[in-house]
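Here the structure is laid out as structure tokens; the discussion comes afterwards.
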Amino acid sequence: MLVLIDGELKSVGKWEMLLQRDFPFMRQDSDSDGSNIYRKWGFECGGGWYKLLRACCESIVKRYAEDGIGIGEIDFEPTQIKEKYGTLRFYYSYTDAPCGIAAFDNLATGESIRIEPKSKADIDDAKAKLRHDICAIVRAAEEESSHTCEICGAEGKLRNDSDLGIHWVRTLCDSCHEDRIKKAIEKRKKMNENS
């Protein structure tokens with residue numbers, strides 16, 4: 001599906017539209033000022049992670065419901081959802097604790113260290129527990145991405161093909177990995193023919 005963003009047509013996958021339709025806190029706003037990367041630009045990852053993102057959103061809604069908070073009252077705000085070092089990064093804040101993306105990623109291991117959003121006002125124990133549980137839900141989805149193909153959603157593993165000139169680590173299944181290798185070999189062959 002094509003949507004108009006900043007005067008340009010942008011392709012938005014059906015999976016992206018479904019998440020925005022079913023979870024109000026996942027809605028994008030192309031007219032935003034850009035301080036929230038997700039709201040402005042959307043997902044920066046492949047559709048193979050749709051099911052794990054959907055399960056994450058469902059778990060977030062369920063956890064809020066345990067505290068009597070309806071889907072329209074959820075204060076959780078995605079700030080960026082992307083692939084980095086081959087796995088999902090799901091950065092977020094809360095409406096009462098807006099913050100920039102507060103994460104550090106270790107280049108050697110790909111480990112992500114987070115500074116969790118803090119409310120400007122004191123929060124009670126129930127809200128602190130809720131937010132702790134939300135953190136665990138998001139981190140579980142990120143962990144699951146390390147063995148879920150970003151392209152097709154099948155079981156996958158982290159692939160580093162720098163020896164083929166592919167300098168982007170991705171989590172791929174065997175089939176998508178083979179396709180990636182074939183394309184890299186074809187590209188290298190064409191470059192050699194043209195030089």
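Residue numbering restarts at 1 for every chain of the structure tokens, chains are lettered A, B, ... in their displayed order, and ligands are numbered from 1 as they appear.
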
| query | Skipping near chain neighbours, those fewer than 4 positions away, what residues fall within 9 Å of Cys57 of chain A using only C-alpha atoms, listed as a VMD selection string? | reply | chain A and resid 19 23 26 52 to 53 61 to 62 137 to 138

| request: Quote the spacing between atom CA of Glu155 of chain A and atom CA of Cys173 of chain A in Å to one decimal place. | output: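 Straight-line distance from atom CA of Glu155 of chain A to atom CA of Cys173 of chain A works out to 5.7 Å.
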
| message | Among segment 17-115 of chain A, which residues does DSSP mark as alpha helix (DSSP H) when it is run on the backbone? Keep the chain and numbering as in the structure and answer as a list in words. | response | Met17, Leu18, Leu19, Gln20, Arg21, Asp22, Ile37, Tyr38, Arg39, Lys40, Trp41, Tyr50, Lys51, Leu52, Leu53, Arg54, Ala55, Cys56, Cys57, Glu58, Ser59, Ile60, Val61, Lys62, Arg63, Tyr64, Ala65 and Glu66 of chain A

| query | What lies within 10 Å of Gly48 of chain A using only C-alpha atoms, ignoring chain neighbours under 5 positions off, as a VMD selection string? | reply | chain A and resid 15 53 145 148 to 154 171 to 172

Could those selected residues go to a file with N, CA and C atoms, as a compact mmCIF listing (two decimals), in the first residue's frame?
# COMPACT_ATOMS: atom_id res chain seq x y z
N TRP A 15 1.37 -5.62 6.95
CA TRP A 15 1.65 -5.94 8.35
C TRP A 15 1.79 -4.67 9.18
N LEU A 53 6.24 -8.91 16.71
CA LEU A 53 5.80 -7.56 17.09
C LEU A 53 4.33 -7.57 17.51
N SER A 145 13.73 -12.08 18.29
CA SER A 145 14.16 -11.69 16.94
C SER A 145 15.51 -12.29 16.57
N THR A 148 14.55 -15.41 14.67
CA THR A 148 13.41 -15.30 13.77
C THR A 148 13.86 -14.55 12.52
N CYS A 149 13.68 -15.16 11.35
CA CYS A 149 14.11 -14.53 10.10
C CYS A 149 13.38 -13.20 9.91
N GLU A 150 14.15 -12.15 9.73
CA GLU A 150 13.57 -10.81 9.55
C GLU A 150 12.80 -10.69 8.24
N ILE A 151 13.10 -11.54 7.29
CA ILE A 151 12.44 -11.45 5.98
C ILE A 151 11.15 -12.25 5.92
N CYS A 152 11.19 -13.53 6.37
CA CYS A 152 10.01 -14.38 6.20
C CYS A 152 9.37 -14.85 7.50
N GLY A 153 10.04 -14.69 8.64
CA GLY A 153 9.48 -15.08 9.92
C GLY A 153 9.76 -16.52 10.34
N ALA A 154 10.45 -17.28 9.49
CA ALA A 154 10.80 -18.67 9.85
C ALA A 154 11.91 -18.66 10.89
N THR A 171 19.41 -11.51 10.92
CA THR A 171 18.88 -12.80 11.34
C THR A 171 18.05 -13.34 10.19
N LEU A 172 18.49 -14.48 9.65
CA LEU A 172 17.86 -15.06 8.47
C LEU A 172 17.70 -16.57 8.63

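One distance worth recording is that between atom CA of Ala184 of chain A and atom CA of Asp161 of chain A, which is 9.4 Å.
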